[in-house]
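As provided, coords.txt (compact mmCIF, C-alpha atoms) reads as follows.
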# COMPACT_ATOMS: atom_id res chain seq x y z
CA MET M 1 0.00 0.00 0.00
CA SER M 2 1.44 3.39 -0.96
CA SER M 3 1.84 6.04 1.68
CA ASN M 4 -0.70 8.29 -0.08
CA MET M 5 -3.32 5.56 0.01
CA LYS M 6 -2.48 4.96 3.63
CA MET M 7 -2.92 8.63 4.49
CA ASP M 8 -6.22 8.78 2.57
CA GLU M 9 -7.47 5.89 4.65
CA TRP M 10 -6.36 7.62 7.84
CA GLU M 11 -8.05 10.81 6.74
CA ASP M 12 -11.34 8.89 6.47
CA ILE M 13 -10.81 7.49 9.94
CA TYR M 14 -9.98 10.96 11.22
CA ASN M 15 -13.14 12.41 9.70
CA ALA M 16 -15.22 9.67 11.30
CA GLU M 17 -13.65 9.62 14.76
CA ALA M 18 -11.92 12.92 15.52
CA GLU M 19 -14.92 14.80 16.81
CA PHE M 20 -15.96 11.98 19.10
CA LEU M 21 -12.43 11.61 20.38
CA TYR M 22 -11.97 15.36 20.84
CA ARG M 23 -15.13 15.55 22.90
CA PHE M 24 -13.81 12.86 25.20
CA ILE M 25 -10.31 14.37 25.43
CA TYR M 26 -11.62 17.87 26.09
CA GLY M 27 -13.95 16.50 28.74
CA MET M 28 -10.99 14.85 30.44
CA VAL M 29 -8.49 17.73 30.32
CA GLN M 30 -10.83 20.74 29.91
CA ASP M 31 -8.17 22.78 28.17
CA ARG M 32 -8.40 23.54 24.46
CA ASN M 33 -4.68 23.66 23.69
CA GLU M 34 -3.98 20.52 25.63
CA ALA M 35 -6.90 18.73 23.98
CA ASP M 36 -5.56 19.78 20.53
CA ASP M 37 -2.10 18.44 21.37
CA ILE M 38 -3.47 15.16 22.66
CA LEU M 39 -5.70 14.62 19.64
CA GLN M 40 -2.80 15.31 17.29
CA GLU M 41 -0.49 12.99 19.23
CA THR M 42 -3.15 10.27 19.28
CA PHE M 43 -3.52 10.17 15.49
CA TYR M 44 0.22 10.58 14.98
CA ARG M 45 0.95 7.52 17.12
CA ALA M 46 -1.87 5.52 15.53
CA ILE M 47 -0.59 6.24 12.02
CA LYS M 48 3.01 5.47 12.99
CA HIS M 49 2.10 2.15 14.60
CA GLY M 50 -0.48 1.24 11.97
CA LYS M 51 -3.75 -0.58 12.52
CA LYS M 52 -2.79 -4.11 11.64
CA GLY M 53 -4.83 -6.50 13.76
CA VAL M 54 -7.01 -3.69 15.14
CA LYS M 55 -10.66 -4.76 15.22
CA ASN M 56 -12.22 -1.71 16.82
CA ILE M 57 -10.56 1.47 15.60
CA ARG M 58 -12.44 3.69 18.07
CA ALA M 59 -11.32 1.59 21.03
CA TYR M 60 -7.78 1.63 19.63
CA LEU M 61 -7.76 5.44 19.38
CA MET M 62 -9.35 5.74 22.81
CA ARG M 63 -6.63 3.55 24.30
CA ILE M 64 -3.90 5.70 22.77
CA SER M 65 -5.48 8.97 23.88
CA ARG M 66 -6.06 7.66 27.42
CA ASN M 67 -2.41 6.58 27.62
CA ILE M 68 -1.32 10.07 26.59
CA ILE M 69 -3.66 11.76 29.08
CA TYR M 70 -2.64 9.50 31.97
CA ASP M 71 1.08 9.90 31.11
CA LYS M 72 0.69 13.67 31.13
CA TRP M 73 -1.03 13.58 34.50
CA ARG M 74 1.59 11.27 35.97
CA ARG M 75 4.37 13.54 34.69
CA ARG M 76 2.62 16.65 35.98
CA LYS M 77 2.05 15.05 39.36
CA ARG M 78 5.75 14.17 39.58
CA GLU M 79 6.87 17.62 38.50
CA GLU M 80 4.45 19.89 40.30
CA GLY M 81 2.72 17.88 42.99
CA LYS M 82 -0.85 16.73 43.02
CA ALA M 83 -2.28 19.83 44.72
CA ILE M 84 -1.06 22.33 42.12
CA GLN M 85 -3.18 20.97 39.29
CA ILE M 86 -6.39 21.38 41.24
CA GLU M 87 -5.38 24.77 42.61
CA GLU M 88 -4.50 26.07 39.13
CA ARG M 89 -7.75 24.90 37.70
CA ASP M 90 -9.67 26.58 40.51
CA THR M 91 -8.02 29.95 40.13
CA MET M 92 -8.20 30.08 36.34
CA ALA M 93 -11.79 28.95 36.15
CA GLU M 94 -13.78 32.06 37.01
CA GLU M 95 -15.73 31.96 33.80
CA ARG M 96 -16.20 28.23 33.91
CA ILE M 97 -19.32 26.82 35.34
CA GLU M 98 -19.17 24.79 38.51
CA ILE M 99 -19.97 21.55 36.82
CA GLU M 100 -16.73 21.60 34.85
CA ARG M 101 -14.79 22.01 38.09
CA ALA M 102 -16.73 19.24 39.72
CA ILE M 103 -16.08 16.86 36.81
CA GLN M 104 -12.41 17.77 36.96
CA LYS M 105 -12.34 16.72 40.60
CA LEU M 106 -13.71 13.26 39.89
CA SER M 107 -11.10 10.52 39.87
CA PRO M 108 -9.92 9.75 36.30
CA GLU M 109 -11.65 6.35 36.24
CA TYR M 110 -15.01 7.85 37.17
CA ARG M 111 -14.46 10.91 34.98
CA GLU M 112 -13.87 8.98 31.76
CA VAL M 113 -16.96 6.83 32.22
CA PHE M 114 -19.08 9.88 33.10
CA ILE M 115 -17.82 11.86 30.08
CA LEU M 116 -18.38 8.99 27.66
CA ARG M 117 -21.92 8.58 28.95
CA GLU M 118 -23.01 12.19 29.41
CA MET M 119 -20.92 14.09 26.89
CA ASN M 120 -20.28 11.47 24.20
CA GLY M 121 -23.65 9.80 24.63
CA LEU M 122 -22.36 6.21 24.55
CA ASN M 123 -24.39 3.39 26.05
CA TYR M 124 -22.94 1.01 28.65
CA GLU M 125 -21.94 -1.59 26.07
CA GLU M 126 -20.10 1.00 23.98
CA ILE M 127 -18.33 2.43 27.03
CA SER M 128 -17.33 -1.07 28.04
CA GLN M 129 -15.80 -1.69 24.59
CA SER M 130 -14.14 1.70 24.38
CA LEU M 131 -12.43 1.39 27.75
CA ASN M 132 -12.05 -2.38 27.67
CA ILE M 133 -13.72 -2.85 31.06
CA PRO M 134 -16.71 -5.03 32.04
CA ILE M 135 -20.21 -3.56 31.87
CA GLY M 136 -20.60 -4.08 35.63
CA THR M 137 -17.59 -1.82 36.19
CA VAL M 138 -19.09 0.78 33.84
CA LYS M 139 -22.32 0.74 35.85
CA SER M 140 -20.68 1.02 39.24
CA ARG M 141 -18.25 3.76 38.16
CA LEU M 142 -21.01 5.77 36.55
CA ASN M 143 -23.19 5.42 39.61
CA ARG M 144 -20.40 6.57 41.92
CA ALA M 145 -19.47 9.42 39.59
CA ARG M 146 -23.06 10.67 39.60
CA LEU M 147 -23.34 10.41 43.37
CA GLU M 148 -20.01 12.21 43.90
CA LEU M 149 -20.94 14.97 41.48
CA ARG M 150 -24.25 15.43 43.20
CA GLU M 151 -22.50 15.81 46.55
CA THR M 152 -20.02 18.33 45.16
CA LEU M 153 -22.61 20.38 43.31
CA ARG M 154 -25.47 20.18 45.75
CA ARG M 155 -24.87 23.52 47.41
CA LYS M 156 -23.04 25.33 44.62
CA LEU M 157 -25.78 24.89 42.04
CA GLU M 158 -28.54 25.01 44.64
CA LEU M 159 -29.90 21.87 43.19
CA MET T 1 -37.04 -1.10 47.73
CA ASN T 2 -35.22 1.13 50.25
CA CYS T 3 -32.88 4.16 50.12
CA LYS T 4 -29.81 1.94 49.75
CA ASP T 5 -31.37 0.24 46.71
CA VAL T 6 -32.17 3.61 45.17
CA LYS T 7 -28.48 4.56 45.34
CA LYS T 8 -27.54 1.17 43.93
CA TYR T 9 -29.92 1.31 40.97
CA LEU T 10 -29.74 5.07 40.43
CA SER T 11 -27.92 4.91 37.09
CA ASP T 12 -30.09 2.09 35.77
CA TYR T 13 -33.15 4.16 36.56
CA ILE T 14 -31.76 7.40 35.11
CA ASP T 15 -30.66 5.63 31.91
CA GLY T 16 -33.95 3.73 31.57
CA LEU T 17 -32.46 0.30 32.09
CA LEU T 18 -34.56 -0.90 35.00
CA PRO T 19 -37.03 -3.71 34.23
CA SER T 20 -40.62 -2.46 34.50
CA GLU T 21 -41.34 -4.17 37.84
CA MET T 22 -38.23 -2.73 39.46
CA LYS T 23 -38.96 0.63 37.97
CA GLU T 24 -42.38 0.64 39.60
CA GLU T 25 -40.86 -0.27 42.96
CA PHE T 26 -38.21 2.40 42.49
CA GLU T 27 -40.78 5.08 41.73
CA SER T 28 -43.03 3.92 44.51
CA HIS T 29 -40.13 4.49 46.94
CA LEU T 30 -39.48 7.93 45.44
CA ASN T 31 -43.09 8.90 46.11
CA GLN T 32 -42.60 8.07 49.76
CA CYS T 33 -39.04 9.36 50.31
CA SER T 34 -38.26 13.03 49.70
CA GLU T 35 -34.53 12.51 50.15
CA CYS T 36 -34.33 9.92 47.38
CA ARG T 37 -36.61 12.02 45.20
CA SER T 38 -34.27 14.94 45.66
CA LEU T 39 -31.29 12.73 44.79
CA VAL T 40 -32.83 11.63 41.49
CA GLU T 41 -33.86 15.19 40.59
CA ASP T 42 -30.34 16.45 41.35
CA VAL T 43 -28.70 13.82 39.16
CA LYS T 44 -31.07 14.63 36.32
CA ALA T 45 -30.25 18.33 36.71
CA ILE T 46 -26.52 17.53 36.56
CA GLN T 47 -27.15 15.64 33.32
CA LYS T 48 -28.74 18.75 31.83
CA GLU T 49 -25.90 20.98 33.07
CA THR T 50 -23.31 18.61 31.61
CA LEU T 51 -24.93 18.85 28.19
CA ARG T 52 -24.52 22.63 28.37
CA ILE T 53 -20.73 22.37 28.54
CA LYS T 54 -19.39 23.87 25.34
CA ILE T 55 -16.85 21.81 23.47
CA PRO T 56 -14.46 23.99 21.39
CA GLN T 57 -14.63 23.55 17.65
CA LEU T 58 -12.12 21.14 16.22
CA ASN T 59 -9.24 22.85 14.42
CA PRO T 60 -10.06 22.43 10.68
CA TYR T 61 -6.36 22.10 9.81
CA MET T 62 -5.67 19.47 12.42
CA PHE T 63 -5.41 16.53 10.02
CA GLN T 64 -3.11 18.50 7.70
CA ARG T 65 -0.83 19.12 10.67
CA ILE T 66 -0.82 15.44 11.58
CA LYS T 67 -0.17 14.45 7.95
CA HIS T 68 2.68 16.93 7.66
CA ARG T 69 4.25 15.63 10.85
CA VAL T 70 4.05 12.00 9.74
CA GLU T 71 5.38 12.72 6.25
CA SER T 72 8.22 14.93 7.42
CA GLU T 73 9.49 12.05 9.52
CA THR T 74 9.25 9.45 6.77
CA GLN T 75 11.30 11.57 4.32
CA PRO T 76 14.92 11.64 5.51
CA SER T 77 16.54 15.08 5.85
CA PRO T 78 19.88 15.85 4.04
CA PHE T 79 21.65 15.68 7.40
CA ARG T 80 20.23 12.25 8.01
CA VAL T 81 21.44 11.06 4.58
CA LEU T 82 24.91 12.49 5.30
CA TYR T 83 24.94 10.82 8.67
CA ARG T 84 24.05 7.46 7.12
CA VAL T 85 26.84 7.79 4.49
CA ALA T 86 29.38 8.66 7.18
CA MET T 87 28.26 5.71 9.30
CA GLY T 88 28.52 3.36 6.29
CA MET T 89 32.03 4.51 5.47
CA SER T 90 33.11 4.13 9.08
CA PHE T 91 31.91 0.53 9.06
CA ILE T 92 33.83 -0.20 5.86
CA LEU T 93 37.05 1.28 7.28
CA ILE T 94 36.67 -0.68 10.49
CA ALA T 95 36.06 -3.88 8.50
CA ILE T 96 39.23 -3.30 6.44
CA ALA T 97 41.31 -2.60 9.56
CA LEU T 98 40.00 -5.73 11.27
CA SER T 99 40.64 -7.94 8.23
CA LEU T 100 44.20 -6.63 7.98
CA TYR T 101 44.72 -7.36 11.64
CA PHE T 102 43.25 -10.86 11.67
CA PHE T 103 44.26 -12.05 8.21
CA LYS T 104 47.82 -10.73 8.08
CA PRO T 105 50.30 -13.03 6.28
CA SER T 106 52.60 -15.00 8.54
CA TYR T 107 56.22 -15.37 7.62
CA ARG T 108 59.08 -17.37 9.00
CA ILE T 109 62.76 -17.61 8.27
CA ALA T 110 63.12 -20.69 6.14
CA GLY T 111 66.89 -20.52 5.78
CA ARG T 112 69.87 -18.26 6.16
CA SER T 113 73.40 -17.82 4.93
CA LYS T 114 76.03 -15.13 5.44
CA ASP T 115 74.50 -12.69 2.97
CA LEU T 116 70.85 -13.51 2.88
CA TYR T 117 67.79 -14.83 4.64
CA ILE T 118 65.15 -16.96 2.94
CA ILE T 119 61.69 -15.87 4.09
CA LYS T 120 58.70 -18.14 3.61
CA GLU T 121 55.05 -17.12 3.58
CA GLU T 122 53.26 -19.89 5.51
CA LYS T 123 49.95 -20.16 3.72
CA SER T 124 51.06 -19.88 0.11
CA GLY T 125 54.49 -21.47 0.59
CA TYR T 126 55.99 -18.56 -1.36
CA GLN T 127 59.67 -17.95 -0.55
CA PHE T 128 61.80 -14.90 -1.23
CA PRO T 129 65.32 -13.80 -0.34
CA VAL T 130 66.22 -10.83 1.84
CA TYR T 131 69.80 -9.76 1.44
CA THR T 132 72.01 -8.42 4.17
CA ALA T 133 74.81 -5.89 3.66
CA GLU T 134 78.11 -6.68 5.27
CA GLY T 135 76.56 -8.92 7.78
CA ASN T 136 73.88 -6.34 8.85
CA TYR T 137 70.24 -6.92 8.04
CA VAL T 138 68.95 -4.67 5.32
CA LEU T 139 65.42 -5.56 6.18
CA THR T 140 64.73 -5.46 9.89
CA SER T 141 60.96 -5.62 9.62
CA TYR T 142 58.37 -6.70 7.11
CA GLN T 143 54.65 -6.75 6.82
CA GLY T 144 53.36 -8.80 9.66
CA GLY T 145 56.37 -8.97 11.95
CA THR T 146 60.00 -8.24 12.70
CA PHE T 147 63.17 -10.33 12.45
Would you write the structure of this file as structure tokens?
Amino acid sequence: MSSNMKMDEWEDIYNAEAEFLYRFIYGMVQDRNEADDILQETFYRAIKHGKKGVKNIRAYLMRISRNIIYDKWRRRKREEGKAIQIEERDTMAEERIEIERAIQKLSPEYREVFILREMNGLNYEEISQSLNIPIGTVKSRLNRARLELRETLRRKLEL
Amino acid sequence: MNCKDVKKYLSDYIDGLLPSEMKEEFESHLNQCSECRSLVEDVKAIQKETLRIKIPQLNPYMFQRIKHRVESETQPSPFRVLYRVAMGMSFILIAIALSLYFFKPSYRIAGRSKDLYIIKEEKSGYQFPVYTAEGNYVLTSYQGGTF
């Protein structure tokens, strides 16, 4: 396969999946520039490694983007300390609504399930396939995420 | 169904996945329990708020940037070509030096007289004379060794 044909094929995949993926990535990091970088890096790595043997391209791209996000967080935690990330987000978020802050405070495992369900609109089966976790885990994480968010937002939003 | 069950099946109820019988029990409990009713209403409100989060528009040139990055790495730069040539030549020179070191001819003195030495190359059996001048060796060293 020539490299042009290969790139054409990847362009089709990009057109089909980028928006979905970007929604998820932005939901996780809530920063436009960072989300742009992660999306670009995700497709770059996918194209470099190829998709031989990949059955579910969306799950494959999700796995790559999650690895990048988690690596960034690990690196940031090592470099700056856990508290700084939350503090920074709080001080820079005047214009942001409380719900974005509350989502940001969810643990990453709960956050990704919540975002895929509420922002990407996936059903449990699709979330399970995208994250490669059992449906039971999807259910319990989503339930806990909703309960935690409710606790955090209860007073702030005067729900 | 009690309050604990409501927390357990909250997501199933919200996402419409409860079987009809359980759903009836769930709702029957909600009618009796204001705390659980409030919980369900809050979670539904959060759902609505979440949908209001604005996702920035995707950069329309994003794929071009990715494509450019991939292609610029697959086409070698002039420096990379130069580097490869230099590396290749280094390997050739090292190979020549090693072959000269390991495959040097071995000689021995096969005979001598007053004026000359007969030198023999071991592998080929080739012999040649080396003359001395007035009893001193003209040739004190040769390729592969010394007298």
For this session: Anything within 8 Å of (-0.7, 17.4, 16.4): list those residues as a ChimeraX atom specification, counting all atoms listed in the file and sticking to the file's coordinates.
Result: /M:36-41,43-44 /T:62-63,65-66,69
Mind dumping the selected residues with C-alpha atoms as a CSV table (one decimal), in the coordinates of the input?
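result14.csv, written as the output of this step:
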chain,number,residue,atom,x,y,z
M,36,ASP,CA,-5.6,19.8,20.5
M,37,ASP,CA,-2.1,18.4,21.4
M,38,ILE,CA,-3.5,15.2,22.7
M,39,LEU,CA,-5.7,14.6,19.6
M,40,GLN,CA,-2.8,15.3,17.3
M,41,GLU,CA,-0.5,13.0,19.2
M,43,PHE,CA,-3.5,10.2,15.5
M,44,TYR,CA,0.2,10.6,15.0
T,62,MET,CA,-5.7,19.5,12.4
T,63,PHE,CA,-5.4,16.5,10.0
T,65,ARG,CA,-0.8,19.1,10.7
T,66,ILE,CA,-0.8,15.4,11.6
T,69,ARG,CA,4.2,15.6,10.8
Would you tabulate, counting all atoms listed in the file, all residues of chain M that have an atom at most 8 Å from an atom of chain T, showing the closest pair of atoms and their distance in Å to one decimal, sorted by chain then ascending number, as CSV?
residue,atom,partner,partner_atom,distance
M:Met7,CA,T:Lys67,CA,7.3
M:Glu11,CA,T:Phe63,CA,7.1
M:Tyr14,CA,T:Phe63,CA,7.3
M:Glu19,CA,T:Leu58,CA,7.0
M:Tyr22,CA,T:Leu58,CA,7.4
M:Arg23,CA,T:Ile55,CA,6.5
M:Tyr26,CA,T:Ile55,CA,7.1
M:Arg32,CA,T:Pro56,CA,6.8
M:Asp36,CA,T:Asn59,CA,7.8
M:Gln40,CA,T:Ile66,CA,6.0
M:Phe43,CA,T:Ile66,CA,7.1
M:Tyr44,CA,T:Ile66,CA,6.0
M:Ile47,CA,T:Val70,CA,7.7
M:Lys48,CA,T:Val70,CA,7.4
M:Ile99,CA,T:Thr50,CA,6.9
M:Glu100,CA,T:Ile53,CA,7.5
M:Glu118,CA,T:Gln47,CA,6.7
M:Met119,CA,T:Leu51,CA,6.4
M:Lys139,CA,T:Ser11,CA,7.1
M:Leu142,CA,T:Ser11,CA,7.0
M:Asn143,CA,T:Ser11,CA,5.4
M:Arg146,CA,T:Val43,CA,6.5
M:Leu147,CA,T:Val43,CA,7.6
M:Leu149,CA,T:Ile46,CA,7.9
M:Arg150,CA,T:Val43,CA,6.2
M:Arg154,CA,T:Asp42,CA,7.5
M:Leu159,CA,T:Asp42,CA,5.7
Seminar exercise, completed: Separating atom CA of M:Arg45 from atom CA of M:Ile25, to the nearest tenth of an Å, is a gap of 15.6 Å
Exercise. What is the distance between atom CA of M:Ile64 and atom CA of M:Thr42, in Å to one decimal?
Worked result: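 Interatomic distance here is 5.8 Å.
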Exercise. Could you name the residues that touch M:Met28 at 8 Å or less, counting only C-alpha atoms, but leaving out those on the same chain fewer than 3 positions away, as a ChimeraX atom specification?
Worked result: /M:24-25,104,108,111-112,115
Exercise. Counting all atoms listed in the file, which of M:Ile13, M:Ile127, M:Leu122, M:Tyr110 gets nearest to M:Lys51?
Worked result: M:Ile13
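What separates atom CA of T:Tyr13 from atom CA of M:Glu148 is a distance of 17.1 Å.
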Problem set entry | Shell around T:Ile119 at 9 Å using only C-alpha atoms, local window under 5 positions removed, as a list in words | Tyr107, Arg108, Ile109, Ala110, Gly111, Arg112, Tyr126, Gln127, Phe128, Pro129 and Val130 of chain T
Missing atoms of stretch 118-140 of chain M rebuilt to N, CA and C atoms, written as a compact mmCIF listing (two decimals), in the coordinates of the input:
# COMPACT_ATOMS: atom_id res chain seq x y z
N GLU M 118 -22.24 10.94 29.42
CA GLU M 118 -23.01 12.19 29.41
C GLU M 118 -22.62 13.16 28.29
N MET M 119 -21.35 13.14 27.92
CA MET M 119 -20.92 14.09 26.89
C MET M 119 -20.81 13.43 25.52
N ASN M 120 -20.39 12.17 25.49
CA ASN M 120 -20.28 11.47 24.20
C ASN M 120 -21.53 10.67 23.86
N GLY M 121 -22.38 10.48 24.86
CA GLY M 121 -23.65 9.80 24.63
C GLY M 121 -23.55 8.32 24.32
N LEU M 122 -22.48 7.65 24.80
CA LEU M 122 -22.36 6.21 24.55
C LEU M 122 -23.23 5.44 25.53
N ASN M 123 -23.69 4.25 25.10
CA ASN M 123 -24.39 3.39 26.05
C ASN M 123 -23.37 2.53 26.81
N TYR M 124 -23.86 1.76 27.78
CA TYR M 124 -22.94 1.01 28.65
C TYR M 124 -22.05 0.04 27.85
N GLU M 125 -22.67 -0.61 26.89
CA GLU M 125 -21.94 -1.59 26.07
C GLU M 125 -20.79 -0.89 25.32
N GLU M 126 -21.11 0.26 24.74
CA GLU M 126 -20.10 1.00 23.98
C GLU M 126 -18.98 1.52 24.89
N ILE M 127 -19.35 1.97 26.08
CA ILE M 127 -18.33 2.43 27.03
C ILE M 127 -17.44 1.26 27.42
N SER M 128 -18.07 0.13 27.66
CA SER M 128 -17.33 -1.07 28.04
C SER M 128 -16.30 -1.43 26.95
N GLN M 129 -16.72 -1.37 25.70
CA GLN M 129 -15.80 -1.69 24.59
C GLN M 129 -14.72 -0.63 24.43
N SER M 130 -15.11 0.62 24.57
CA SER M 130 -14.14 1.70 24.38
C SER M 130 -13.04 1.67 25.44
N LEU M 131 -13.41 1.36 26.67
CA LEU M 131 -12.43 1.39 27.75
C LEU M 131 -11.88 0.01 28.09
N ASN M 132 -12.46 -1.00 27.43
CA ASN M 132 -12.05 -2.38 27.67
C ASN M 132 -12.22 -2.77 29.15
N ILE M 133 -13.38 -2.46 29.69
CA ILE M 133 -13.72 -2.85 31.06
C ILE M 133 -15.11 -3.50 31.05
N PRO M 134 -15.39 -4.37 32.04
CA PRO M 134 -16.71 -5.03 32.04
C PRO M 134 -17.86 -4.04 32.24
N ILE M 135 -19.04 -4.44 31.75
CA ILE M 135 -20.21 -3.56 31.87
C ILE M 135 -20.54 -3.27 33.34
N GLY M 136 -20.35 -4.28 34.19
CA GLY M 136 -20.60 -4.08 35.63
C GLY M 136 -19.75 -2.95 36.19
N THR M 137 -18.50 -2.88 35.73
CA THR M 137 -17.59 -1.82 36.19
C THR M 137 -18.07 -0.47 35.67
N VAL M 138 -18.55 -0.47 34.42
CA VAL M 138 -19.09 0.78 33.84
C VAL M 138 -20.23 1.28 34.72
N LYS M 139 -21.14 0.37 35.05
CA LYS M 139 -22.32 0.74 35.85
C LYS M 139 -21.90 1.30 37.20
N SER M 140 -21.01 0.58 37.88
CA SER M 140 -20.68 1.02 39.24
C SER M 140 -19.90 2.33 39.22
